[in-house]
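Chemist: Pasting in a structure now, in structure tokens, and then I'll have a few things to ask.
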Amino acid sequence: MRTNSEHNRMRRMTGLSIFTAIILVLTVICTFIRFGPFSITLALTPIIIGGALYGAGAGAYLGGVFGLVVLLTGILGWDGGTVMYLLSINPIGCILICLVKGAAAGYLSALLYRLLARRSEKAAVVVAAVACPVVNTGLFLVGMAVFFFAQLGDWAAAEGQAIGYYIIVSLTGINFVVELLVNLLLSSGITRIIHAGKAGR
């Protein structure tokens, strides 16, 4: 007979496998949805839920999966060539941006959820839902400024915009707003899924 520990381990592995598959599908689909040079991200919701259910390590893993899929679809050229272009300029910088931002977003959103959930489940979900896209987009912008500042300047000049405005507004502004609103609108559903997942343990 299986012990409770083995049962919980199997449930965790099954749950993470399901969230991994969902992230894979959503990321591939969203590769073809772009506002500006970069794809929109709608895979943050399963990252938030998985992190809330299974901890910060799971959040980092799921965020890392998201980043890896972004990188691989970019190498395949499904993003219109942006990732391959950045890889040709600075491959290490591009890879770090793809992998680190997602893993950090998953880790920090799960950590914040755990810290707040004992006081208020609803507040914990809302904070995690906000933190995930903020960290993901914030680290993306920092990474782009560190590794690809000259290219950002060229893109801004091509649009006739100041580089600061271009980075904050044009580069990811619409994407970030959509991602944040989606997470906030789904927060009630996220809460119910987390409750169901905890009840099934």
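The chains in the structure tokens are called A, B, ... from first to last as shown; in each chain the residues are counted from 1, and the ligands are counted from 1 in the order shown.
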Could you pull the residues within 12 Å of region 17-23 of chain A, counting only C-alpha atoms, minus those fewer than 3 positions along the same chain, as a PyMOL selection string?
Modeler: chain A and resi 10-14+26-31+41-51+53-54+58-70+102
Chemist: If you count only C-alpha atoms, which residues fall within 8 Å of region 86-98 of chain A, apart from same-chain ones fewer than 5 positions away, as a PyMOL selection string?
Modeler: chain A and resi 67-68+70-71+139-140+143-144+147-148
Chemist: Could you take the residues named above and write them with N, CA and C atoms, as a CSV table (one decimal), in the first residue's frame?
Modeler:
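Saved file again-v8.csv follows:
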chain,number,residue,atom,x,y,z
A,67,GLY,N,9.7,30.0,-19.7
A,67,GLY,CA,10.8,30.7,-20.3
A,67,GLY,C,11.5,29.8,-21.3
A,68,LEU,N,11.6,28.5,-21.0
A,68,LEU,CA,12.2,27.6,-22.0
A,68,LEU,C,11.4,27.5,-23.2
A,70,VAL,N,9.4,29.7,-24.5
A,70,VAL,CA,9.5,31.0,-25.2
A,70,VAL,C,10.8,30.9,-26.0
A,71,LEU,N,11.9,30.5,-25.4
A,71,LEU,CA,13.2,30.4,-26.0
A,71,LEU,C,13.1,29.4,-27.2
A,139,LEU,N,11.7,42.2,-15.0
A,139,LEU,CA,13.0,41.6,-15.3
A,139,LEU,C,13.3,41.6,-16.8
A,140,PHE,N,12.3,41.4,-17.6
A,140,PHE,CA,12.5,41.5,-19.0
A,140,PHE,C,13.0,42.8,-19.5
A,143,GLY,N,16.6,43.2,-18.2
A,143,GLY,CA,17.5,42.4,-19.1
A,143,GLY,C,17.7,43.0,-20.4
A,144,MET,N,16.7,43.6,-21.0
A,144,MET,CA,16.8,44.2,-22.3
A,144,MET,C,17.7,45.4,-22.2
A,147,PHE,N,21.4,44.1,-21.7
A,147,PHE,CA,22.1,43.3,-22.7
A,147,PHE,C,21.8,43.9,-24.1
A,148,PHE,N,20.7,44.7,-24.3
A,148,PHE,CA,20.4,45.1,-25.7
A,148,PHE,C,20.0,46.6,-25.8
Chemist: Between CA of Ser109 (chain A) and CA of Tyr165 (chain A), what is the spacing in Å?
Modeler: 27.3 Å
Chemist: Pick out the residues sitting within 8 Å of Leu180 (chain A), and hand them over as a ChimeraX atom specification; count only C-alpha atoms, and ignore anything fewer than 5 positions along from it in its own chain.
Modeler: /A:129-130,133-134
Chemist: So that I have them on file, write out the residues from the current selection with N, CA, C and O atoms, as a PDB file, in the first residue's frame.
Modeler:
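Output contents, as saved in result.pdb:
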ATOM      1  N   ALA A 129      -1.218  37.402  -8.241  1.00  0.00           N
ATOM      2  CA  ALA A 129      -1.643  37.681  -9.616  1.00  0.00           C
ATOM      3  C   ALA A 129      -1.017  38.967 -10.147  1.00  0.00           C
ATOM      4  O   ALA A 129      -0.774  39.095 -11.355  1.00  0.00           O
ATOM      5  N   VAL A 130      -0.770  39.922  -9.262  1.00  0.00           N
ATOM      6  CA  VAL A 130      -0.120  41.168  -9.665  1.00  0.00           C
ATOM      7  C   VAL A 130       1.392  40.977  -9.756  1.00  0.00           C
ATOM      8  O   VAL A 130       2.041  41.430 -10.702  1.00  0.00           O
ATOM      9  N   PRO A 133       3.103  39.042 -13.257  1.00  0.00           N
ATOM     10  CA  PRO A 133       3.409  39.830 -14.456  1.00  0.00           C
ATOM     11  C   PRO A 133       4.346  41.003 -14.202  1.00  0.00           C
ATOM     12  O   PRO A 133       5.123  41.378 -15.084  1.00  0.00           O
ATOM     13  N   VAL A 134       4.287  41.587 -12.987  1.00  0.00           N
ATOM     14  CA  VAL A 134       5.190  42.697 -12.673  1.00  0.00           C
ATOM     15  C   VAL A 134       6.644  42.221 -12.691  1.00  0.00           C
ATOM     16  O   VAL A 134       7.516  42.857 -13.299  1.00  0.00           O
TER      17      VAL A 134
END
Chemist: Counting only C-alpha atoms, which residue out of A:Leu115, A:Val178, A:Asn183, A:Gly160 sits closest to Ala131 (chain A)?
Modeler: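 Ranking A:Leu115, A:Val178, A:Asn183, A:Gly160 by distance to Ala131 (chain A), first place goes to A:Asn183.
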Chemist: Give me, as a ChimeraX atom specification, the residues of region 6-201 of chain A that a backbone DSSP run labels helix (DSSP H, G or I).
Modeler: /A:6-30,44-54,56-75,82-89,91-117,121-147,149-159,163-171,173-185,187-199
Chemist: Calculate how many Å separate CA of Gln161 (chain A) from CA of Asp79 (chain A), rounding to one decimal.
Modeler: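 Separation between CA of Gln161 (chain A) and CA of Asp79 (chain A): 23.8 Å.
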Chemist: Can you tell me, as a short mmCIF file (atom, residue, chain, number, x, y, z; two decimals) with N, CA and C atoms, in the first residue's frame, what residues are no more than 12 Å from Ile168 (chain A) when counting only C-alpha atoms, ignoring any on the same chain fewer than 6 positions away?
Modeler:
data_model
loop_
_atom_site.label_atom_id
_atom_site.label_comp_id
_atom_site.auth_asym_id
_atom_site.auth_seq_id
_atom_site.Cartn_x
_atom_site.Cartn_y
_atom_site.Cartn_z
N THR A 137 7.64 41.05 -16.43
CA THR A 137 7.88 42.19 -17.32
C THR A 137 9.04 43.05 -16.82
N GLY A 138 9.10 43.25 -15.52
CA GLY A 138 10.17 44.08 -14.96
C GLY A 138 11.55 43.53 -15.25
N PHE A 140 12.28 41.42 -17.59
CA PHE A 140 12.47 41.48 -19.04
C PHE A 140 13.02 42.84 -19.46
N LEU A 141 12.42 43.90 -18.94
CA LEU A 141 12.87 45.25 -19.29
C LEU A 141 14.29 45.51 -18.79
N VAL A 142 14.58 45.05 -17.57
CA VAL A 142 15.94 45.22 -17.04
C VAL A 142 16.94 44.46 -17.90
N MET A 144 16.65 43.55 -21.04
CA MET A 144 16.80 44.19 -22.34
C MET A 144 17.67 45.44 -22.25
N ALA A 145 17.49 46.21 -21.18
CA ALA A 145 18.29 47.43 -21.00
C ALA A 145 19.76 47.09 -20.76
N LEU A 152 17.64 48.63 -28.43
CA LEU A 152 16.46 49.38 -27.99
C LEU A 152 16.50 50.81 -28.52
N ALA A 156 13.69 52.43 -30.87
CA ALA A 156 13.03 53.67 -30.46
C ALA A 156 13.16 54.75 -31.53
N GLN A 161 10.59 57.77 -31.16
CA GLN A 161 10.27 57.94 -29.74
C GLN A 161 11.54 58.04 -28.91
N ALA A 162 11.41 58.69 -27.76
CA ALA A 162 12.50 58.69 -26.79
C ALA A 162 12.67 57.29 -26.25
N ILE A 174 1.38 47.50 -23.66
CA ILE A 174 0.08 46.87 -23.91
C ILE A 174 0.09 45.43 -23.41
N ASN A 175 1.17 44.70 -23.69
CA ASN A 175 1.28 43.32 -23.24
C ASN A 175 1.12 43.22 -21.72
N PHE A 176 1.83 44.09 -21.01
CA PHE A 176 1.79 44.05 -19.55
C PHE A 176 0.39 44.34 -19.03
N VAL A 177 -0.26 45.35 -19.57
CA VAL A 177 -1.61 45.70 -19.11
C VAL A 177 -2.57 44.54 -19.35
#
Chemist: If we count only C-alpha atoms, what is near Ile190 (chain A) at a cut-off of 8 Å, once residues fewer than 3 positions away on the same chain are taken out, given as a PDB file with C-alpha atoms, in the first residue's frame?
Modeler:
ATOM      1  CA  THR A  45      -2.144  31.968 -14.500  1.00  0.00           C
ATOM      2  CA  ILE A  49      -1.878  28.353  -9.370  1.00  0.00           C
ATOM      3  CA  VAL A 125      -4.207  35.454  -4.750  1.00  0.00           C
ATOM      4  CA  LEU A 186      -9.327  35.469 -13.208  1.00  0.00           C
ATOM      5  CA  SER A 187      -8.399  35.911  -9.544  1.00  0.00           C
ATOM      6  CA  ILE A 193      -9.011  26.210  -8.235  1.00  0.00           C
ATOM      7  CA  ILE A 194      -6.523  26.556  -5.383  1.00  0.00           C
TER       8      ILE A 194
END
Chemist: Kindly give the distance, in Å, that separates CA of Ala124 (chain A) and CA of Ala103 (chain A), rounded to a single decimal.
Modeler: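 About the pair CA of Ala124 (chain A) and CA of Ala103 (chain A): they are 19.1 Å apart.
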Chemist: With a distance cut-off of 6 Å and only C-alpha atoms, select the neighbouring residues of Ala105 (chain A), excluding the residue or stretch itself and same-chain residues fewer than 4 positions from it, and output the selection as a list in words.
Modeler: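 The neighbour list is Ser109, Cys132, Val135 and Asn136 of chain A.
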Chemist: Go ahead and dump the residues you just picked, N, CA, C and O atoms, as a JSON list (two decimals), in the first residue's frame.
Modeler:
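The new file again_1.json reads:
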[["chain", "number", "residue", "atom", "x", "y", "z"],
["A", 109, "SER", "N", 5.95, 35.06, -6.89],
["A", 109, "SER", "CA", 4.50, 35.08, -6.73],
["A", 109, "SER", "C", 4.05, 33.98, -5.77],
["A", 109, "SER", "O", 3.16, 34.19, -4.93],
["A", 132, "CYS", "N", 3.26, 38.36, -10.35],
["A", 132, "CYS", "CA", 3.80, 37.51, -11.43],
["A", 132, "CYS", "C", 4.07, 38.31, -12.71],
["A", 132, "CYS", "O", 5.20, 38.28, -13.22],
["A", 135, "VAL", "N", 6.92, 41.10, -12.04],
["A", 135, "VAL", "CA", 8.28, 40.56, -12.01],
["A", 135, "VAL", "C", 8.71, 40.09, -13.39],
["A", 135, "VAL", "O", 9.83, 40.37, -13.84],
["A", 136, "ASN", "N", 7.82, 39.40, -14.09],
["A", 136, "ASN", "CA", 8.14, 38.90, -15.43],
["A", 136, "ASN", "C", 8.50, 40.04, -16.38],
["A", 136, "ASN", "O", 9.54, 40.02, -17.04]]
Chemist: Between A:Arg9, A:Phe32, A:Arg119, A:Leu181, which one has atoms that come closest to Gly74 (chain A), using only C-alpha atoms?
Modeler: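 Of all the options, A:Phe32 lies closest to Gly74 (chain A).
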